[in-house]
Structure formats: C-alpha cells, structure tokens
>>> print(open('coords05.cif').read())   # mmCIF, C-alpha atoms and all ligand atoms
data_final
loop_
_atom_site.label_atom_id
_atom_site.label_comp_id
_atom_site.auth_asym_id
_atom_site.auth_seq_id
_atom_site.Cartn_x
_atom_site.Cartn_y
_atom_site.Cartn_z
CA MET M 1 5.85 -24.03 -9.42
CA LYS M 2 2.33 -23.38 -8.13
CA ALA M 3 0.92 -19.90 -8.76
CA PHE M 4 -2.39 -18.07 -8.58
CA ILE M 5 -3.09 -16.58 -11.99
CA VAL M 6 -5.39 -13.95 -13.46
CA LYS M 7 -6.63 -15.69 -16.60
CA ARG M 8 -8.83 -12.82 -17.65
CA TYR M 9 -9.82 -9.51 -16.11
CA GLY M 10 -13.08 -9.48 -14.16
CA LYS M 11 -14.47 -8.53 -10.77
CA LYS M 12 -16.17 -11.88 -10.26
CA ASP M 13 -13.51 -14.06 -11.91
CA LYS M 14 -11.47 -16.07 -9.42
CA LEU M 15 -7.72 -16.57 -9.53
CA GLN M 16 -6.74 -19.94 -10.97
CA LEU M 17 -4.19 -22.16 -9.24
CA GLU M 18 -1.85 -23.54 -11.91
CA ILE M 19 1.54 -25.14 -12.33
CA ILE M 20 3.80 -22.82 -14.33
CA ALA M 21 7.53 -22.49 -15.03
CA GLU M 22 9.73 -20.90 -12.38
CA PRO M 23 10.57 -17.28 -13.28
CA THR M 24 13.84 -16.55 -15.10
CA VAL M 25 16.41 -14.63 -13.09
CA LYS M 26 17.79 -11.53 -14.86
CA GLU M 27 21.26 -10.22 -14.05
CA ASN M 28 20.04 -7.71 -11.42
CA ASP M 29 17.38 -10.04 -10.00
CA ILE M 30 17.22 -12.32 -7.01
CA LEU M 31 15.01 -15.40 -6.97
CA VAL M 32 12.93 -15.52 -3.81
CA GLN M 33 11.25 -18.64 -2.49
CA VAL M 34 8.00 -17.18 -1.23
CA CYS M 35 7.20 -17.99 2.40
CA ALA M 36 4.33 -15.51 2.75
CA ALA M 37 2.51 -12.99 0.56
CA GLY M 38 0.60 -9.94 1.77
CA VAL M 39 -2.80 -9.20 0.23
CA ASN M 40 -3.75 -5.66 -0.79
CA LEU M 41 -6.75 -3.96 -2.35
CA ILE M 42 -4.62 -3.24 -5.41
CA ASP M 43 -4.65 -6.99 -6.09
CA SER M 44 -8.38 -6.95 -6.54
CA LYS M 45 -8.29 -3.65 -8.47
CA VAL M 46 -5.73 -5.09 -10.90
CA LYS M 47 -7.71 -8.33 -11.23
CA SER M 48 -10.96 -6.53 -11.98
CA GLY M 49 -9.33 -4.42 -14.70
CA GLU M 50 -10.02 -1.17 -12.82
CA PHE M 51 -6.33 -0.17 -13.15
CA LYS M 52 -5.91 -1.16 -16.81
CA LEU M 53 -5.32 2.41 -17.95
CA VAL M 54 -2.35 2.96 -15.63
CA LEU M 55 -1.18 -0.62 -15.11
CA PRO M 56 -1.88 -2.66 -18.22
CA TYR M 57 -1.02 -6.33 -17.51
CA LYS M 58 -1.46 -8.85 -20.27
CA ALA M 59 -3.40 -11.91 -19.02
CA PRO M 60 -2.50 -14.56 -18.01
CA PHE M 61 -0.29 -13.23 -15.23
CA VAL M 62 0.52 -14.03 -11.58
CA LEU M 63 -1.03 -11.65 -9.05
CA GLY M 64 0.40 -10.43 -5.71
CA HIS M 65 2.29 -7.30 -4.57
CA ASP M 66 3.94 -8.20 -1.23
CA VAL M 67 6.40 -10.94 -0.35
CA ALA M 68 8.62 -12.30 2.39
CA GLY M 69 10.89 -15.24 1.68
CA VAL M 70 14.36 -16.67 1.21
CA VAL M 71 16.85 -15.91 -1.59
CA THR M 72 17.55 -19.10 -3.58
CA LYS M 73 19.46 -17.69 -6.56
CA VAL M 74 21.12 -14.38 -7.48
CA GLY M 75 21.72 -12.79 -10.88
CA SER M 76 25.29 -12.15 -12.11
CA ARG M 77 25.23 -8.44 -11.21
CA VAL M 78 23.56 -8.66 -7.82
CA THR M 79 25.65 -7.03 -5.09
CA LYS M 80 23.42 -6.63 -2.03
CA PHE M 81 22.04 -10.13 -1.42
CA LYS M 82 23.24 -13.73 -1.26
CA VAL M 83 21.59 -17.14 -1.30
CA GLY M 84 19.97 -17.85 2.07
CA ASP M 85 19.17 -14.21 2.95
CA GLU M 86 15.72 -13.65 4.44
CA VAL M 87 14.16 -10.75 2.55
CA TYR M 88 10.92 -8.90 1.91
CA ALA M 89 9.72 -6.66 -0.91
CA ARG M 90 7.01 -4.92 -2.81
CA PRO M 91 8.16 -5.80 -6.34
CA ALA M 92 7.88 -2.98 -8.89
CA ASP M 93 4.81 -2.58 -11.06
CA HIS M 94 4.95 -4.84 -14.12
CA SER M 95 7.14 -7.26 -12.09
CA ILE M 96 4.52 -8.42 -9.59
CA GLY M 97 3.50 -12.03 -8.90
CA THR M 98 3.94 -12.93 -5.24
CA PHE M 99 0.98 -15.37 -5.09
CA ALA M 100 3.36 -18.11 -6.20
CA GLU M 101 6.10 -20.36 -4.83
CA TYR M 102 8.86 -18.26 -6.41
CA ILE M 103 9.29 -14.73 -7.70
CA SER M 104 12.26 -13.04 -9.36
CA ILE M 105 12.73 -9.43 -8.18
CA ASN M 106 15.18 -6.67 -9.06
CA GLU M 107 17.47 -6.29 -6.05
CA LYS M 108 16.77 -2.55 -5.84
CA ASP M 109 13.20 -3.33 -4.74
CA VAL M 110 14.25 -5.69 -1.93
CA ALA M 111 15.38 -5.29 1.69
CA ILE M 112 16.56 -7.62 4.43
CA LYS M 113 13.59 -8.80 6.50
CA PRO M 114 13.37 -7.51 10.10
CA LYS M 115 14.83 -10.11 12.47
CA ASN M 116 12.22 -9.89 15.21
CA ILE M 117 9.11 -10.75 13.18
CA SER M 118 7.80 -13.84 11.36
CA MET M 119 7.66 -14.31 7.59
CA GLU M 120 3.88 -13.75 7.69
CA GLU M 121 4.34 -10.49 9.60
CA ALA M 122 7.09 -9.37 7.24
CA ALA M 123 4.93 -10.02 4.18
CA SER M 124 2.32 -7.67 5.61
CA ILE M 125 4.64 -4.68 5.61
CA PRO M 126 6.18 -3.58 2.27
CA LEU M 127 3.27 -2.06 0.31
CA VAL M 128 1.56 -0.32 3.21
CA GLY M 129 4.84 0.63 4.88
CA LEU M 130 6.20 2.23 1.72
CA THR M 131 2.86 3.98 1.13
CA ALA M 132 2.95 5.54 4.60
CA TRP M 133 6.65 6.40 4.23
CA GLN M 134 6.22 8.04 0.84
CA ALA M 135 3.17 10.00 2.06
CA LEU M 136 4.41 11.15 5.47
CA VAL M 137 8.20 11.29 5.13
CA GLU M 138 8.80 11.93 1.42
CA LYS M 139 5.84 14.08 0.38
CA ALA M 140 4.56 15.70 3.59
CA LYS M 141 7.95 15.89 5.37
CA LEU M 142 6.00 15.43 8.60
CA LYS M 143 7.80 17.00 11.56
CA LYS M 144 7.73 16.84 15.34
CA GLY M 145 4.85 18.90 16.74
CA GLN M 146 2.76 18.86 13.55
CA LYS M 147 -0.79 17.50 13.38
CA VAL M 148 -1.74 14.74 10.94
CA PHE M 149 -5.13 13.21 10.18
CA ILE M 150 -4.85 9.59 9.04
CA GLN M 151 -8.13 8.18 7.80
CA ALA M 152 -9.13 4.55 8.44
CA GLY M 153 -6.59 4.00 11.20
CA SER M 154 -7.59 0.34 11.57
CA GLY M 155 -6.77 -0.57 7.94
CA GLY M 156 -3.53 -1.84 6.45
CA VAL M 157 -2.16 1.60 5.60
CA GLY M 158 -3.64 3.24 8.69
CA THR M 159 -2.16 0.84 11.27
CA PHE M 160 1.32 1.44 9.86
CA ALA M 161 0.90 5.18 9.23
CA ILE M 162 -0.25 5.92 12.80
CA GLN M 163 2.88 4.27 14.23
CA LEU M 164 5.17 6.04 11.75
CA ALA M 165 3.59 9.44 12.42
CA LYS M 166 3.94 8.99 16.19
CA HIS M 167 7.59 8.03 15.70
CA LEU M 168 8.07 11.27 13.72
CA GLY M 169 6.67 13.19 16.69
CA ALA M 170 3.31 14.24 15.26
CA THR M 171 -0.09 14.44 16.92
CA VAL M 172 -2.31 11.88 15.18
CA ALA M 173 -6.05 11.98 14.61
CA THR M 174 -7.77 9.03 12.96
CA THR M 175 -11.17 7.62 12.03
CA THR M 176 -12.46 4.12 12.68
CA SER M 177 -15.64 2.42 13.86
CA THR M 178 -16.50 1.53 17.49
CA ASN M 179 -14.99 -1.99 17.48
CA ASN M 180 -11.56 -0.75 16.41
CA ILE M 181 -11.16 2.23 18.75
CA ALA M 182 -9.02 0.27 21.24
CA LEU M 183 -6.77 -0.94 18.40
CA VAL M 184 -5.98 2.52 17.00
CA LYS M 185 -5.45 3.91 20.52
CA SER M 186 -2.98 1.09 21.22
CA LEU M 187 -1.03 2.15 18.12
CA GLY M 188 -0.70 5.69 19.49
CA ALA M 189 -3.60 7.66 17.95
CA ASP M 190 -4.23 10.81 20.03
CA VAL M 191 -7.65 11.78 18.66
CA VAL M 192 -10.01 8.97 17.64
CA ILE M 193 -13.22 9.72 15.74
CA ASP M 194 -15.88 7.04 15.35
CA TYR M 195 -16.84 7.77 11.75
CA LYS M 196 -20.24 6.13 12.14
CA LYS M 197 -21.21 8.52 14.94
CA GLU M 198 -19.26 11.73 14.36
CA ASP M 199 -18.17 13.96 11.47
CA PHE M 200 -14.41 14.54 11.56
CA GLU M 201 -14.73 17.89 9.78
CA THR M 202 -16.65 19.33 12.74
CA ILE M 203 -13.99 18.18 15.23
CA LEU M 204 -10.58 18.63 13.58
CA LYS M 205 -9.05 21.93 12.57
CA ASP M 206 -5.69 23.50 11.71
CA TYR M 207 -4.09 20.25 10.62
CA ASP M 208 -0.78 20.22 8.75
CA VAL M 209 -1.29 16.97 6.86
CA VAL M 210 -4.12 14.65 5.83
CA LEU M 211 -3.57 11.13 4.53
CA ASN M 212 -6.75 10.49 2.55
CA SER M 213 -7.70 6.92 1.71
CA GLN M 214 -11.46 7.24 1.30
CA ASP M 215 -13.87 8.67 -1.29
CA THR M 216 -13.93 12.08 -3.01
CA LYS M 217 -16.46 13.52 -0.54
CA THR M 218 -14.14 12.65 2.36
CA LEU M 219 -11.21 14.19 0.50
CA GLU M 220 -13.14 17.43 -0.06
CA LYS M 221 -14.08 17.59 3.63
CA SER M 222 -10.46 16.86 4.55
CA LEU M 223 -9.29 20.01 2.77
CA GLN M 224 -11.39 22.06 5.20
CA ILE M 225 -9.53 20.82 8.28
CA LEU M 226 -6.12 21.87 6.96
CA LYS M 227 -4.36 25.06 8.05
CA PRO M 228 -3.29 27.41 5.22
CA GLY M 229 -0.32 25.85 3.45
CA GLY M 230 -1.21 22.36 4.73
CA ILE M 231 -1.28 19.35 2.45
CA ALA M 232 -3.77 16.59 1.68
CA ILE M 233 -2.14 13.51 0.22
CA SER M 234 -4.60 11.13 -1.33
CA ILE M 235 -3.92 7.47 -2.02
CA SER M 236 -7.38 7.01 -3.47
CA GLY M 237 -9.46 9.13 -5.81
CA SER M 238 -8.22 11.53 -8.46
CA PRO M 239 -4.69 10.89 -9.80
CA ASP M 240 -2.88 14.07 -10.89
CA VAL M 241 -0.41 14.99 -13.63
CA ASP M 242 2.64 14.34 -11.42
CA PHE M 243 1.47 10.76 -11.08
CA ALA M 244 0.98 10.50 -14.86
CA LYS M 245 4.60 11.66 -15.27
CA GLN M 246 5.79 9.15 -12.63
CA ILE M 247 4.37 6.24 -14.63
CA GLY M 248 5.59 7.68 -17.96
CA ALA M 249 2.02 7.98 -19.22
CA SER M 250 1.11 9.16 -22.72
CA TRP M 251 -0.07 12.76 -23.31
CA PHE M 252 -3.61 11.37 -23.50
CA VAL M 253 -3.46 9.74 -20.05
CA LYS M 254 -1.81 12.92 -18.69
CA LEU M 255 -4.71 14.94 -20.05
CA ILE M 256 -7.27 12.59 -18.48
CA MET M 257 -5.53 12.89 -15.11
CA LYS M 258 -5.39 16.66 -15.39
CA ILE M 259 -9.13 16.73 -16.03
CA LEU M 260 -9.89 14.17 -13.29
CA SER M 261 -8.00 16.13 -10.64
CA SER M 262 -9.04 19.64 -11.74
CA GLY M 263 -12.01 19.87 -9.33
CA ILE M 264 -10.06 18.94 -6.21
CA ARG M 265 -7.05 21.06 -7.23
CA LYS M 266 -9.34 24.05 -7.66
CA LYS M 267 -10.97 23.52 -4.25
CA ALA M 268 -7.54 23.21 -2.61
CA LYS M 269 -6.37 26.43 -4.28
CA GLN M 270 -9.44 28.32 -3.06
CA LEU M 271 -8.67 27.22 0.51
CA GLY M 272 -4.96 27.98 0.26
CA VAL M 273 -3.95 24.36 0.83
CA ASN M 274 -2.13 21.76 -1.28
CA TYR M 275 -3.33 18.56 -2.89
CA SER M 276 -1.17 15.71 -4.05
CA PHE M 277 -2.00 12.21 -5.28
CA LEU M 278 0.30 9.37 -4.29
CA PHE M 279 0.67 6.05 -6.02
CA MET M 280 3.30 4.20 -4.01
CA ARG M 281 6.34 2.74 -5.75
CA ALA M 282 8.76 -0.09 -5.00
CA GLU M 283 11.85 1.16 -3.16
CA GLY M 284 14.29 -1.17 -1.39
CA ASN M 285 16.24 1.64 0.29
CA GLN M 286 13.15 3.02 2.02
CA LEU M 287 12.15 -0.52 2.97
CA SER M 288 15.57 -0.92 4.65
CA GLU M 289 14.79 2.16 6.78
CA ILE M 290 11.49 0.52 7.71
CA THR M 291 13.41 -2.66 8.65
CA SER M 292 15.44 -0.60 11.15
CA LEU M 293 12.27 0.82 12.73
CA ILE M 294 10.78 -2.66 13.10
CA ASN M 295 14.04 -4.13 14.45
CA ALA M 296 14.05 -1.34 17.04
CA GLY M 297 10.48 -2.22 18.09
CA ILE M 298 9.20 1.22 16.99
CA ILE M 299 6.76 -0.19 14.45
CA LYS M 300 4.91 -3.48 14.91
CA PRO M 301 2.98 -5.36 12.22
CA VAL M 302 -0.77 -5.64 12.75
CA ILE M 303 -2.16 -8.85 11.29
CA ASP M 304 -5.85 -9.66 11.07
CA LYS M 305 -5.83 -13.08 9.37
CA VAL M 306 -3.39 -15.54 7.82
CA PHE M 307 -4.86 -17.78 5.09
CA PRO M 308 -3.26 -20.96 3.71
CA PHE M 309 -1.96 -20.65 0.12
CA GLU M 310 -4.84 -22.75 -1.27
CA GLN M 311 -7.28 -20.14 0.07
CA THR M 312 -5.81 -17.17 -1.80
CA ASN M 313 -9.19 -16.35 -3.37
CA GLU M 314 -10.82 -16.34 0.08
CA ALA M 315 -8.06 -14.04 1.38
CA LEU M 316 -8.68 -11.63 -1.50
CA ALA M 317 -12.45 -11.70 -0.84
CA TYR M 318 -11.83 -10.91 2.84
CA VAL M 319 -9.73 -7.86 1.93
CA GLU M 320 -12.42 -6.77 -0.54
CA SER M 321 -14.96 -6.79 2.33
CA GLY M 322 -13.25 -3.61 3.60
CA ARG M 323 -13.41 -4.78 7.21
CA ALA M 324 -9.83 -5.98 7.74
CA LYS M 325 -8.17 -4.87 11.00
CA GLY M 326 -4.61 -4.41 9.85
CA LYS M 327 -3.29 -6.84 7.25
CA VAL M 328 -4.27 -10.08 5.58
CA VAL M 329 -1.52 -12.52 4.62
CA ILE M 330 -1.22 -15.79 2.70
CA LYS M 331 1.14 -18.45 4.09
CA VAL M 332 2.82 -20.07 1.11
CA LYS M 333 5.53 -22.19 2.74
N1 LIG B 401 -2.23 4.91 -3.96
C1 LIG B 401 -1.52 3.99 -3.32
O1 LIG B 401 -0.32 3.86 -3.51
C2 LIG B 401 -2.21 3.10 -2.32
C3 LIG B 401 -1.46 2.26 -1.49
C4 LIG B 401 -2.12 1.50 -0.53
C5 LIG B 401 -3.51 1.55 -0.43
N2 LIG B 401 -4.20 2.36 -1.28
C6 LIG B 401 -5.67 2.48 -1.17
O2 LIG B 401 -5.95 3.04 0.10
C7 LIG B 401 -7.18 2.53 0.60
C8 LIG B 401 -6.93 1.94 1.99
O3 LIG B 401 -6.09 0.81 1.86
P1 LIG B 401 -5.90 -0.20 3.06
O4 LIG B 401 -5.03 -1.31 2.57
O5 LIG B 401 -5.51 0.50 4.30
O6 LIG B 401 -7.40 -0.75 3.20
P2 LIG B 401 -8.00 -1.81 4.20
O7 LIG B 401 -6.95 -2.35 5.09
O8 LIG B 401 -8.81 -2.78 3.42
O9 LIG B 401 -9.03 -0.92 5.06
C9 LIG B 401 -9.92 -1.56 5.88
C10 LIG B 401 -10.18 -0.68 7.08
O10 LIG B 401 -10.80 0.54 6.66
C11 LIG B 401 -11.69 0.97 7.67
N3 LIG B 401 -12.73 1.80 7.06
C12 LIG B 401 -13.61 1.45 6.11
N4 LIG B 401 -14.38 2.51 5.77
C13 LIG B 401 -13.98 3.54 6.54
C14 LIG B 401 -14.38 4.91 6.67
N5 LIG B 401 -15.37 5.42 5.93
N6 LIG B 401 -13.73 5.70 7.55
C15 LIG B 401 -12.72 5.20 8.30
N7 LIG B 401 -12.30 3.91 8.24
C16 LIG B 401 -12.93 3.10 7.36
C17 LIG B 401 -12.24 -0.32 8.23
O11 LIG B 401 -12.59 -0.10 9.58
P3 LIG B 401 -14.08 -0.41 10.08
O12 LIG B 401 -14.28 -1.89 9.87
O13 LIG B 401 -14.05 0.03 11.49
O14 LIG B 401 -15.01 0.38 9.20
C18 LIG B 401 -11.08 -1.32 8.09
O15 LIG B 401 -10.37 -1.51 9.29
C19 LIG B 401 -7.67 1.55 -0.45
O16 LIG B 401 -8.55 2.20 -1.31
C20 LIG B 401 -6.39 1.17 -1.21
O17 LIG B 401 -6.66 0.72 -2.52
C21 LIG B 401 -3.57 3.12 -2.22
#
>>> encode(input="coords05.cif", output="structure tokens")
Amino acid sequence: MKAFIVKRYGKKDKLQLEIIAEPTVKENDILVQVCAAGVNLIDSKVKSGEFKLVLPYKAPFVLGHDVAGVVTKVGSRVTKFKVGDEVYARPADHSIGTFAEYISINEKDVAIKPKNISMEEAASIPLVGLTAWQALVEKAKLKKGQKVFIQAGSGGVGTFAIQLAKHLGATVATTTSTNNIALVKSLGADVVIDYKKEDFETILKDYDVVLNSQDTKTLEKSLQILKPGGIAISISGSPDVDFAKQIGASWFVKLIMKILSSGIRKKAKQLGVNYSFLFMRAEGNQLSEITSLINAGIIKPVIDKVFPFEQTNEALAYVESGRAKGKVVIKVK
C-alpha cells in the first residue's frame, strides 16, 4: 500500500511516499481502507521530534492521527464492527498511521461515521472532537448557564468546541482575527474578541472555564478571568503530573512535568482557581456520542481545505502556517 512515512525526525524533513506492506490485523483490530485523513498540528510536532519524550516513535513510521474509511477486514475478537461499515477514528498513540491506504485500529478506538457528512468531513472530526469533549464534558463538566472562554475559535479545536459548548448551554467567548469573526459568530460564539485589536483579559471576567490552546502568557492571563473555583484546561503548554501518569511515564518524566507545571500551578493556587493539562486520548465510545450530535445536526464540521493524497506534505505545511479556518483534510480514496 502507499503510505507517507517519517524516515527520520526533523522539522524540515518531508514525509516520504513509499510502498509498504499492509498492516497486520490483530484479534481486536479492524482494517480500515482509508478514504480521508485529517491533518493536525500533532502530526508536525511528532515529525519534528518535539514530542519524543512523551511519544517516542521509532522511525521509519507512518504519520497521521485522524481517519474516515471503510472496514475491509475484522479481527477474530471484534464484536462491534463488520466488513463494509463506514467508520471514523483517532487511533491510539503508538498505533497511528492514517496517511496511508490502510490502517489497522483497535475497535475500542473506532465509531460509526455520521451518516449526514462526507468521508472528508468525517476525517476532520475525531481528534479535535475528542479534545473538546474531554476538555468541556469530561474535565470541566460544563453546565447550562456557565461561561466558557474558548481561545482561537476559528481553529480546528475551536470550531468544534464552540458548537459543543453552545449545545451544553454555556455562554461562549472566543478570540479570533478580523477575517474570521463572521465564522465564529455563525458557530454560536456570544462574545467575540479580535485578538489583534483587543486584550481579552480586560474584557472577560468571572468565567467558569477556559480552554487554553495558546502560549504560556495567554494561559497566565486566562487564569485572571476565571471566577474563584473556575478551571483553566490547557491543551498546549505545561503538561502536569496527571498527564505523566496517564501516559505511564517514568518517575523522571513525572518529575520533569511537575517542575514544568509548577509555575502555572502556583499562580492558579494564588488566584483560587484550578489548572489542568489535557492531552486527548483515543476513545470510541465518546466518538459515538459525537456521531449522535452530528447526525442530529447539532455539530457541523468546518473544513478549510481538502488536499489530494499526493500533496500530504503541502497539507501539513498549510496546517503549520497556523492560519487554517477549521480543518485540513487529505483525500486518500
Ligand atoms: N493537548 C491536546 O490533546 C491537543 C489536541 C488538539 C490540539 N492541541 C493543540 O492546540 C492548539 C490548537 O490546535 P488547533 O488544531 O485548533 O489549531 P489550528 O486549527 O491550526 O489553529 C489555527 C487557528 O488559530 C487561530 N489563531 C492563531 N493564533 C491565535 C491567537 N493568538 N489567538 C486566537 N486565535 C489564534 C487562527 O486564526 P487567525 O488566522 O484569525 O489568527 C486559526 O484559525 C495547537 O497547539 C495544537 O497542537 C492539543
């Protein structure tokens, strides 16, 4: 099969298109013929080696964290899926590789694809959808009437998170630049701050939840807009010890994460608010709940560009530009 491979770690190194063997299907796996693959910033962070400490992949390996496609084979112990099912997934860490014609995935990471969207749209959902779900539903337990600040509302995570937060009944504030104001408003954002012209920390106050996706300075400012007892959940910046435990890290990595997050934890404590780092995980059951929301028309995919498979490197470069409006997808079949 054709696959885009990381031959060696490096920011400037391009993925190589090669012919490799189809993946083997373990007893709990399903083999998915990839129709479309979503592109995420984690792809470029893994490729550059930035994530080596927490996600050590041995090169050469196939890159890609989001998939939509058709089941072509099932392992002997698979119970939830059959050949011909249309599915989507964010395969678990250490089992990635969606920039290819086939991928074998543990069935617990997979869900049936929403019926009312295309394969390209479906491939745009799993990683960002699960990130928003795990931040807003699982960690923050966001409730009707609460106020949430979602940074970068026009990005992959932001476009999904705004829609999910509105569905949960929250008031949503977000940041974006002038060109994307209409987009985030159309998704339901109540308060829109043009981050190039205004400082959110002078406008927002008494928020229950912040979903931080920007730099440490932004995270520190975000703590100030929370009400006492509120929570800032960061998907970028300093990982904490809970995250180290989640990935089964060594005592050494745990110690590094404790040190890395000590400054922000201290600032949060002084303000009487909470800080938590989130590194999303694969989770087919949560993805099934997301399928229901999409089938019901409550959440709609937001796609910026679809690239042909041969242009996977160009798709990755576009995501790296940081200007994507919603998601970038590769059409494989
Ligand atoms: N920990 C996890 O599990 C996890 C999961 C998913 C993503 N992430 C991380 O979360 C971050 C966001 O991911 P993403 O996929 O949503 O990124 P993305 O789609 O590439 O974000 C691009 C968007 O960000 C907006 N933006 C850029 N700088 C901004 C700023 N200073 N303030 C507000 N908006 C800004 C851009 O809007 P303009 O063009 O208008 O500037 C653009 O629409 C990345 O660092 C990613 O690695 C982490």
>>> residues_around(input="coords05.cif", residues="Thr175 of chain M", least_positions_apart="2", cutoff="12 Å", atoms="only C-alpha atoms", output="count of residues only")
44
>>> closest_residue(input="coords05.cif", among="M:Lys269, M:Arg323, M:Lys52, M:Lys245", to="Gln224 of chain M", atoms="all atoms listed in the file")
M:Lys269
>>> residues_around(input="coords05.cif", residues="Phe277 of chain M", least_positions_apart="2", cutoff="6 Å", atoms="all atoms listed in the file", output="VMD selection string")
chain M and resid 233 to 234 239 to 240
>>> residues_around(input="coords05.cif", residues="Arg265 of chain M", least_positions_apart="4", cutoff="9 Å", atoms="only C-alpha atoms", output="list in words")
Asp240, Ser261, Lys269, Gln270, Asn274, Tyr275 and Ser276 of chain M
>>> axis_aligned_box(input="coords05.cif", around="segment 192-204 of chain M", padding_each_side="6 Å", output="lines of an AutoDock Vina configuration file")
center_x = -15.6
center_y = 12.7
center_z = 13.7
size_x = 23.2
size_y = 25.2
size_z = 19.9
>>> atom_distance(input="coords05.cif", atom1="atom CA of Phe61 of chain M", atom2="atom CA of Ile105 of chain M")
15.3 Å
>>> closest_residue(input="coords05.cif", among="M:Leu41, M:Ile290, M:Ile259, M:Leu271", to="ligand LIG 401 (chain B)", atoms="only C-alpha atoms and all ligand atoms")
M:Leu41
>>> closest_residue(input="coords05.cif", among="M:Glu50, M:Asp109, M:Glu310, M:Glu86", to="ligand LIG 401 (chain B)", atoms="all atoms listed in the file")
M:Glu50
>>> build_atoms(input="coords05.cif", residues="segment 116-128 of chain M", atoms="N, CA, C and O atoms", output="mmCIF file, in the frame of the given file")
data_model
loop_
_atom_site.group_PDB
_atom_site.id
_atom_site.type_symbol
_atom_site.label_atom_id
_atom_site.label_comp_id
_atom_site.auth_asym_id
_atom_site.auth_seq_id
_atom_site.Cartn_x
_atom_site.Cartn_y
_atom_site.Cartn_z
ATOM 1 N N ASN M 116 13.076 -9.580 14.065
ATOM 2 C CA ASN M 116 12.220 -9.890 15.210
ATOM 3 C C ASN M 116 10.771 -10.192 14.850
ATOM 4 O O ASN M 116 9.910 -10.195 15.717
ATOM 5 N N ILE M 117 10.488 -10.415 13.567
ATOM 6 C CA ILE M 117 9.110 -10.750 13.180
ATOM 7 C C ILE M 117 9.105 -11.984 12.265
ATOM 8 O O ILE M 117 10.119 -12.318 11.648
ATOM 9 N N SER M 118 7.924 -12.620 12.171
ATOM 10 C CA SER M 118 7.800 -13.840 11.360
ATOM 11 C C SER M 118 7.720 -13.488 9.876
ATOM 12 O O SER M 118 7.548 -12.316 9.512
ATOM 13 N N MET M 119 7.808 -14.514 9.033
ATOM 14 C CA MET M 119 7.660 -14.310 7.590
ATOM 15 C C MET M 119 6.268 -13.729 7.263
ATOM 16 O O MET M 119 6.138 -12.851 6.420
ATOM 17 N N GLU M 120 5.240 -14.237 7.959
ATOM 18 C CA GLU M 120 3.880 -13.750 7.690
ATOM 19 C C GLU M 120 3.790 -12.255 8.055
ATOM 20 O O GLU M 120 3.214 -11.460 7.323
ATOM 21 N N GLU M 121 4.374 -11.908 9.199
ATOM 22 C CA GLU M 121 4.340 -10.490 9.600
ATOM 23 C C GLU M 121 5.125 -9.630 8.616
ATOM 24 O O GLU M 121 4.693 -8.538 8.240
ATOM 25 N N ALA M 122 6.265 -10.149 8.175
ATOM 26 C CA ALA M 122 7.090 -9.370 7.240
ATOM 27 C C ALA M 122 6.360 -9.137 5.914
ATOM 28 O O ALA M 122 6.430 -8.049 5.340
ATOM 29 N N ALA M 123 5.639 -10.157 5.453
ATOM 30 C CA ALA M 123 4.930 -10.020 4.180
ATOM 31 C C ALA M 123 3.810 -8.987 4.246
ATOM 32 O O ALA M 123 3.323 -8.510 3.221
ATOM 33 N N SER M 124 3.412 -8.642 5.469
ATOM 34 C CA SER M 124 2.320 -7.670 5.610
ATOM 35 C C SER M 124 2.793 -6.232 5.471
ATOM 36 O O SER M 124 1.987 -5.313 5.375
ATOM 37 N N ILE M 125 4.103 -6.032 5.465
ATOM 38 C CA ILE M 125 4.640 -4.680 5.610
ATOM 39 C C ILE M 125 4.903 -3.888 4.306
ATOM 40 O O ILE M 125 4.526 -2.708 4.218
ATOM 41 N N PRO M 126 5.589 -4.450 3.300
ATOM 42 C CA PRO M 126 6.180 -3.580 2.270
ATOM 43 C C PRO M 126 5.221 -2.565 1.613
ATOM 44 O O PRO M 126 5.500 -1.365 1.624
ATOM 45 N N LEU M 127 4.107 -3.014 1.060
ATOM 46 C CA LEU M 127 3.270 -2.060 0.310
ATOM 47 C C LEU M 127 2.698 -0.968 1.208
ATOM 48 O O LEU M 127 2.805 0.229 0.892
ATOM 49 N N VAL M 128 2.152 -1.363 2.343
ATOM 50 C CA VAL M 128 1.560 -0.320 3.210
ATOM 51 C C VAL M 128 2.644 0.522 3.885
ATOM 52 O O VAL M 128 2.476 1.727 4.078
#
